[in-house]
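Okay, work_27.txt is below, compact mmCIF, C-alpha atoms:
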# COMPACT_ATOMS: atom_id res chain seq x y z
CA MET A 7 -35.45 -34.41 35.30
CA ILE A 8 -32.34 -32.25 34.97
CA GLU A 9 -33.02 -28.59 34.28
CA PHE A 10 -30.03 -26.76 32.83
CA VAL A 11 -28.41 -25.54 29.65
CA ARG A 12 -29.01 -27.50 26.45
CA ASN A 13 -25.55 -26.51 25.19
CA TYR A 14 -23.21 -28.97 26.90
CA SER A 15 -20.67 -31.68 26.00
CA ASP A 16 -20.26 -35.07 27.61
CA HIS A 17 -16.59 -36.01 28.11
CA SER A 18 -17.36 -39.17 30.14
CA THR A 19 -15.58 -42.47 29.52
CA ASP A 20 -15.79 -45.93 30.98
CA ARG A 21 -13.35 -44.74 33.68
CA GLY A 22 -15.29 -41.71 34.89
CA TYR A 23 -17.65 -38.81 34.22
CA GLN A 24 -17.04 -35.18 33.28
CA PHE A 25 -19.20 -32.56 31.55
CA GLU A 26 -18.71 -29.13 29.95
CA PHE A 27 -21.55 -26.55 30.08
CA ARG A 28 -21.56 -23.50 27.78
CA CYS A 29 -23.41 -20.16 27.76
CA ASP A 30 -26.29 -19.83 25.28
CA HIS A 31 -25.01 -16.37 24.23
CA CYS A 32 -21.22 -16.19 24.14
CA GLY A 33 -20.43 -19.92 24.06
CA ASN A 34 -17.97 -19.76 26.96
CA GLY A 35 -18.36 -22.57 29.45
CA TYR A 36 -17.24 -24.39 32.57
CA MET A 37 -15.97 -27.94 33.06
CA SER A 38 -17.28 -30.00 35.96
CA SER A 39 -14.99 -31.94 38.26
CA TYR A 40 -13.96 -35.40 37.17
CA GLU A 41 -15.83 -38.23 38.93
CA ALA A 42 -14.40 -41.75 38.67
CA SER A 43 -16.69 -44.67 37.84
CA LEU A 44 -16.61 -47.50 40.41
CA ILE A 45 -17.67 -50.10 37.89
CA GLY A 46 -15.12 -48.85 35.36
CA THR A 47 -12.38 -48.93 38.02
CA ALA A 48 -13.28 -52.49 39.01
CA GLY A 49 -13.30 -53.53 35.37
CA GLY A 50 -9.87 -51.98 34.89
CA LEU A 51 -8.47 -53.91 37.86
CA LEU A 52 -9.89 -57.18 36.55
CA GLN A 53 -8.45 -56.50 33.08
CA ALA A 54 -5.05 -55.77 34.62
CA ALA A 55 -5.21 -59.00 36.63
CA GLY A 56 -6.33 -60.97 33.57
CA SER A 57 -3.37 -59.68 31.57
CA ILE A 58 -1.02 -60.93 34.31
CA PHE A 59 -2.57 -64.32 35.26
CA GLY A 60 -4.73 -65.01 32.18
CA GLY A 61 -7.56 -67.56 32.07
CA PHE A 62 -10.63 -66.89 34.21
CA LEU A 63 -9.52 -63.49 35.51
CA GLY A 64 -9.06 -62.21 31.97
CA SER A 65 -12.58 -63.19 30.98
CA ALA A 66 -13.94 -61.67 34.22
CA GLY A 67 -12.36 -58.34 33.31
CA ASN A 68 -14.04 -58.37 29.93
CA SER A 69 -17.42 -59.24 31.40
CA SER A 70 -17.08 -56.43 33.99
CA TYR A 71 -16.61 -53.89 31.19
CA GLU A 72 -19.71 -55.17 29.41
CA ILE A 73 -21.72 -54.97 32.64
CA GLN A 74 -20.60 -51.37 33.12
CA ARG A 75 -21.87 -50.46 29.63
CA ALA A 76 -25.17 -52.17 30.30
CA ILE A 77 -26.00 -50.67 33.71
CA GLY A 78 -24.07 -47.40 33.43
CA GLY A 79 -27.18 -45.33 32.64
CA PRO A 80 -28.28 -44.49 36.19
CA ALA A 81 -24.70 -43.88 37.29
CA HIS A 82 -24.21 -41.57 34.37
CA ASP A 83 -27.40 -39.63 35.23
CA ARG A 84 -26.33 -39.22 38.85
CA ALA A 85 -22.95 -37.92 37.72
CA LEU A 86 -24.65 -35.45 35.37
CA GLN A 87 -26.92 -34.25 38.22
CA GLN A 88 -23.92 -33.65 40.46
CA ALA A 89 -22.12 -31.76 37.68
CA VAL A 90 -25.19 -29.53 37.15
CA THR A 91 -25.34 -28.75 40.89
CA GLU A 92 -21.63 -27.86 40.85
CA VAL A 93 -21.66 -25.59 37.79
CA LYS A 94 -25.19 -24.14 37.93
CA GLU A 95 -24.16 -21.28 40.19
CA LYS A 96 -22.01 -19.93 37.32
CA PHE A 97 -25.14 -19.38 35.17
CA HIS A 98 -28.40 -17.40 35.32
CA ARG A 99 -31.64 -18.01 33.52
CA CYS A 100 -33.27 -14.98 31.91
CA GLN A 101 -36.97 -14.78 32.74
CA ARG A 102 -37.65 -12.86 29.53
CA CYS A 103 -36.11 -15.20 26.91
CA GLY A 104 -35.58 -18.33 29.03
CA GLU A 105 -31.92 -18.82 28.05
CA TRP A 106 -29.09 -19.79 30.41
CA VAL A 107 -26.24 -17.29 30.26
CA CYS A 108 -22.93 -16.98 32.08
CA ALA A 109 -22.98 -14.68 35.13
CA GLU A 110 -19.69 -12.92 34.42
CA VAL A 111 -20.26 -11.70 30.83
CA CYS A 112 -23.82 -12.10 29.57
CA TRP A 113 -25.88 -11.28 32.69
CA ASN A 114 -27.16 -7.77 33.53
CA THR A 115 -27.37 -7.73 37.31
CA GLN A 116 -29.21 -4.39 37.53
CA ALA A 117 -31.98 -5.50 35.19
CA SER A 118 -31.95 -9.22 36.22
CA GLN A 119 -31.98 -10.12 32.55
CA CYS A 120 -29.48 -11.30 29.99
CA THR A 121 -27.57 -8.75 27.98
CA GLY A 122 -29.42 -9.90 24.88
CA CYS A 123 -32.67 -8.58 26.34
CA THR A 124 -31.21 -5.63 28.31
CA PRO A 125 -27.65 -4.68 27.32
CA LYS A 126 -25.30 -3.28 29.92
CA TYR A 127 -25.23 0.52 29.73
CA GLU A 128 -21.46 0.86 30.03
CA GLN A 129 -20.71 -1.74 27.38
CA GLU A 130 -23.37 -0.35 25.04
CA ALA A 131 -22.07 3.23 25.45
CA ILE A 132 -18.51 2.14 24.67
CA SER A 133 -19.68 0.20 21.62
CA LEU A 134 -21.77 3.12 20.31
CA ARG A 135 -18.91 5.58 20.82
CA THR A 136 -16.53 3.33 18.92
CA GLN A 137 -19.01 2.91 16.07
CA ALA A 138 -19.54 6.70 15.94
CA GLN A 139 -15.78 7.28 15.73
CA ILE A 140 -15.48 4.77 12.91
CA THR A 141 -18.40 6.34 11.03
CA ALA A 142 -17.01 9.88 11.46
CA THR A 143 -13.56 8.77 10.33
CA ARG A 144 -15.04 7.15 7.22
CA GLU A 145 -17.04 10.28 6.36
CA GLN A 146 -14.05 12.59 6.87
CA MET A 147 -11.90 10.39 4.65
CA TYR A 148 -14.58 10.53 1.94
CA GLU A 149 -14.71 14.33 2.17
CA LYS A 150 -10.93 14.62 2.00
CA ALA A 151 -10.83 12.29 -0.98
CA ARG A 152 -13.47 14.36 -2.79
CA GLY A 153 -11.28 17.45 -2.45
CA THR A 154 -8.32 15.75 -4.12
CA ASP A 155 -7.91 15.79 -7.90
CA TYR A 156 -7.21 12.29 -9.18
CA VAL A 157 -8.07 12.71 -12.88
CA SER A 158 -6.31 15.87 -14.03
CA GLY A 159 -3.74 13.80 -15.90
CA VAL A 160 -6.20 11.29 -17.39
CA ASP A 161 -6.84 11.48 -21.14
CA MET A 162 -10.58 11.02 -21.64
CA SER A 163 -10.54 10.68 -25.43
CA ALA A 164 -12.20 7.62 -26.93
CA ASP A 165 -9.06 5.75 -28.00
CA ALA A 166 -6.82 6.83 -25.14
CA GLN A 167 -5.55 4.30 -22.66
CA ILE A 168 -6.34 5.50 -19.16
CA ARG A 169 -3.24 5.79 -17.01
CA PHE A 170 -3.53 7.16 -13.51
CA ASN A 171 -0.80 9.28 -11.91
CA PRO A 172 1.15 9.95 -15.15
CA PRO A 173 4.82 10.85 -14.71
CA ALA A 174 5.70 14.52 -14.71
CA PRO A 175 7.12 15.79 -18.03
CA SER A 176 10.87 16.05 -18.14
CA PRO A 177 12.28 19.61 -18.24
CA GLN A 178 13.16 20.95 -21.68
CA LEU A 179 16.89 21.03 -22.26
CA PRO A 180 18.42 24.02 -24.08
CA VAL A 181 18.99 23.48 -27.78
CA GLN A 182 22.67 23.15 -28.57
CA SER A 183 24.35 24.14 -31.77
CA ALA A 184 25.93 21.57 -34.03
CA ALA A 185 29.41 22.49 -32.79
CA GLN A 186 28.31 22.14 -29.11
CA ALA A 187 26.39 18.94 -29.71
CA MET A 188 29.31 17.32 -31.57
CA PRO A 189 31.26 15.14 -29.11
CA SER A 190 34.85 16.08 -28.63
CA ALA A 191 37.46 13.79 -30.06
CA PRO A 192 39.50 11.66 -27.67
CA ALA A 193 42.63 13.17 -26.24
CA SER A 194 44.77 10.78 -28.29
CA ASP A 195 43.29 12.22 -31.55
CA GLN A 196 43.73 15.88 -30.63
CA TRP A 197 47.27 15.77 -29.29
CA THR A 198 50.27 13.85 -30.44
CA SER A 199 52.36 14.81 -27.39
CA GLN A 200 52.35 17.22 -24.49
CA GLU A 201 54.48 19.75 -26.44
CA ALA A 202 52.40 19.57 -29.63
CA THR A 203 49.93 22.30 -30.43
CA PRO A 204 46.34 21.56 -31.44
CA VAL A 205 45.76 21.28 -35.17
CA PRO A 206 43.62 24.22 -36.28
CA THR A 207 40.40 23.25 -37.88
CA GLN A 208 39.81 24.30 -41.48
CA THR A 209 36.99 26.72 -42.12
CA PRO A 210 34.56 25.50 -44.81
CA TRP A 211 34.42 27.70 -47.94
CA SER A 212 30.69 28.04 -47.45
CA THR A 213 31.28 30.00 -44.23
CA VAL A 214 33.87 32.44 -45.78
CA PRO A 215 32.24 35.87 -46.24
CA ALA A 216 31.93 37.22 -49.76
CA SER A 217 34.34 40.13 -49.04
CA ALA A 218 37.15 37.61 -48.40
CA ALA A 219 36.93 36.15 -51.96
CA VAL A 220 39.68 36.93 -54.58
CA ALA A 221 39.02 40.31 -56.36
CA HIS A 222 39.71 41.11 -60.03
CA CYS A 223 40.58 44.35 -61.79
CA THR A 224 37.56 46.07 -63.34
CA SER A 225 39.66 47.30 -66.27
CA CYS A 226 41.63 44.27 -67.46
CA GLY A 227 40.28 41.41 -65.28
CA GLU A 228 43.66 40.66 -63.69
CA ALA A 229 43.54 39.02 -60.28
CA LEU A 230 44.41 41.52 -57.58
CA SER A 231 46.84 40.73 -54.81
CA GLY A 232 45.78 43.47 -52.39
CA GLY A 233 47.77 46.46 -53.69
CA LYS A 234 46.48 49.94 -54.58
CA PHE A 235 47.07 49.48 -58.37
CA CYS A 236 46.41 46.64 -60.78
CA PRO A 237 49.59 44.70 -61.58
CA GLY A 238 48.31 44.12 -65.13
CA CYS A 239 47.24 47.60 -66.29
CA GLY A 240 48.15 49.98 -63.46
CA ALA A 241 44.58 51.10 -62.84
CA PRO A 242 43.78 52.00 -59.22
CA THR A 243 42.22 49.06 -57.37
CA ALA A 244 40.56 51.03 -54.54
CA PRO A 245 37.24 52.69 -55.43
CA PRO A 246 37.26 56.54 -55.56
CA VAL A 247 36.46 58.20 -52.27
CA PRO A 248 33.48 60.61 -52.21
CA ARG A 249 34.59 64.25 -51.98
CA ALA A 250 33.17 66.81 -49.50
CA CYS A 251 32.75 70.52 -50.30
CA ALA A 252 34.92 72.79 -48.16
CA ALA A 253 32.37 75.65 -48.38
CA CYS A 254 29.04 73.95 -47.58
CA GLY A 255 30.12 70.43 -46.50
CA HIS A 256 27.98 68.65 -49.08
CA VAL A 257 29.37 65.28 -50.18
CA SER A 258 29.43 64.82 -53.94
CA GLY A 259 30.23 61.83 -56.09
CA PRO A 260 33.82 60.54 -56.36
CA THR A 261 34.20 61.82 -59.96
CA ALA A 262 32.63 65.29 -59.39
CA LYS A 263 34.89 68.35 -59.83
CA PHE A 264 32.38 70.94 -58.53
CA CYS A 265 30.00 70.80 -55.56
CA GLU A 266 26.57 69.56 -56.47
CA ASP A 267 24.94 71.83 -53.87
CA CYS A 268 26.73 75.19 -54.03
CA GLY A 269 28.77 74.90 -57.25
CA GLY A 270 32.07 75.52 -55.51
CA LYS A 271 35.20 73.94 -56.90
CA LEU A 272 36.23 70.80 -55.12
CA ALA A 273 39.82 70.51 -54.04

The structure given in the file should be rewritten as structure tokens.
Amino acid sequence: MIEFVRNYSDHSTDRGYQFEFRCDHCGNGYMSSYEASLIGTAGGLLQAAGSIFGGFLGSAGNSSYEIQRAIGGPAHDRALQQAVTEVKEKFHRCQRCGEWVCAEVCWNTQASQCTGCTPKYEQEAISLRTQAQITATREQMYEKARGTDYVSGVDMSADAQIRFNPPAPSPQLPVQSAAQAMPSAPASDQWTSQEATPVPTQTPWSTVPASAAVAHCTSCGEALSGGKFCPGCGAPTAPPVPRACAACGHVSGPTAKFCEDCGGKLA
């Protein structure tokens, strides 16, 4: 009987024997040394000779290979026993769980048990510290996220389409008048040559004040040209000027001959 790990692979061929043994915990393993098969070597020599000379030697090589397959069981078991003896020192068997584990990684020397039953203090402390750092980082990120406003720009009305991080509104531009908003004409339309002067724009009649309209004489209706007397009837065109009293300073009407306040004669 061969007592060792159940987790192993057989890489043996008709030319030799080799085995790989793996840890029951981490899966890492060790490969045994290669051991050539005497029967397989003899069969290979006979097959090589048969390919050269043919005939009887060729058939002998084939029969040697069949013999090796038929009686290779005990040789295979002996090779497996030698491989176990070679690699067994790399493993320990835990008396608590009964598993074979590798000595370098999964064996706790202080407790004489596997790390599955008694973890190593240093490795466990490092693992717990790392997990605590990850947990604290996650909690701090949650707290920081809770203090950030993500929905101030979200319209929560029934028919609104939710859009996160809406663009900031564009600044309001000053309102321009019609004359400022009107694009300027090209240079070729404003100037005919470098010496030419700009053509003055005509003022619309709607913008001319009422005082600038043509006046008419109140006596005969003749159009006035701006003089002091009507050219049609000779009546004065300028309205009479109010008269001030020299005694009291009261201003009376333009047609008054005496002061309305003190009765003094107006000059």

- Message: I need the residue nearest A:Gln87 from this list: A:Cys268, A:Lys263, A:His17, A:Ser38. Use only C-alpha atoms for the distance.
- Response: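 Comparing A:Cys268, A:Lys263, A:His17, A:Ser38 against A:Gln87, the winner is A:Ser38.
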
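One finds atom CA of A:Pro125 at 15.0 Å from atom CA of A:His98.
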
- Query: Rounded to one decimal in Å, what is the spacing between atom CA of A:Gly35 and atom CA of A:Trp113?
  - Reply: 13.9 Å

- d(atom CA of A:Ala117, atom CA of A:Ala89) in Å: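 If I compute the distance from atom CA of A:Ala117 to atom CA of A:Ala89, I get 28.2 Å.
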
What lies within 12 Å of A:Ala229 using all atoms listed in the file, ignoring chain neighbours under 5 positions off, as a PDB file with C-alpha atoms, in the coordinates of the input?
ATOM      1  CA  ALA A 219      36.930  36.150 -51.960  1.00  0.00           C
ATOM      2  CA  VAL A 220      39.680  36.930 -54.580  1.00  0.00           C
ATOM      3  CA  ALA A 221      39.020  40.310 -56.360  1.00  0.00           C
ATOM      4  CA  HIS A 222      39.710  41.110 -60.030  1.00  0.00           C
ATOM      5  CA  CYS A 223      40.580  44.350 -61.790  1.00  0.00           C
ATOM      6  CA  THR A 224      37.560  46.070 -63.340  1.00  0.00           C
ATOM      7  CA  PHE A 235      47.070  49.480 -58.370  1.00  0.00           C
ATOM      8  CA  CYS A 236      46.410  46.640 -60.780  1.00  0.00           C
ATOM      9  CA  PRO A 237      49.590  44.700 -61.580  1.00  0.00           C
ATOM     10  CA  GLY A 238      48.310  44.120 -65.130  1.00  0.00           C
ATOM     11  CA  CYS A 239      47.240  47.600 -66.290  1.00  0.00           C
ATOM     12  CA  THR A 243      42.220  49.060 -57.370  1.00  0.00           C
TER      13      THR A 243
END

- Message: Which residue is closest to A:Thr261? Choose from A:Val93, A:Cys120, A:Ala273, A:Ala109 and count only C-alpha atoms.
- Response: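 Answer, going by the shortest atom-to-atom distance: A:Ala273.
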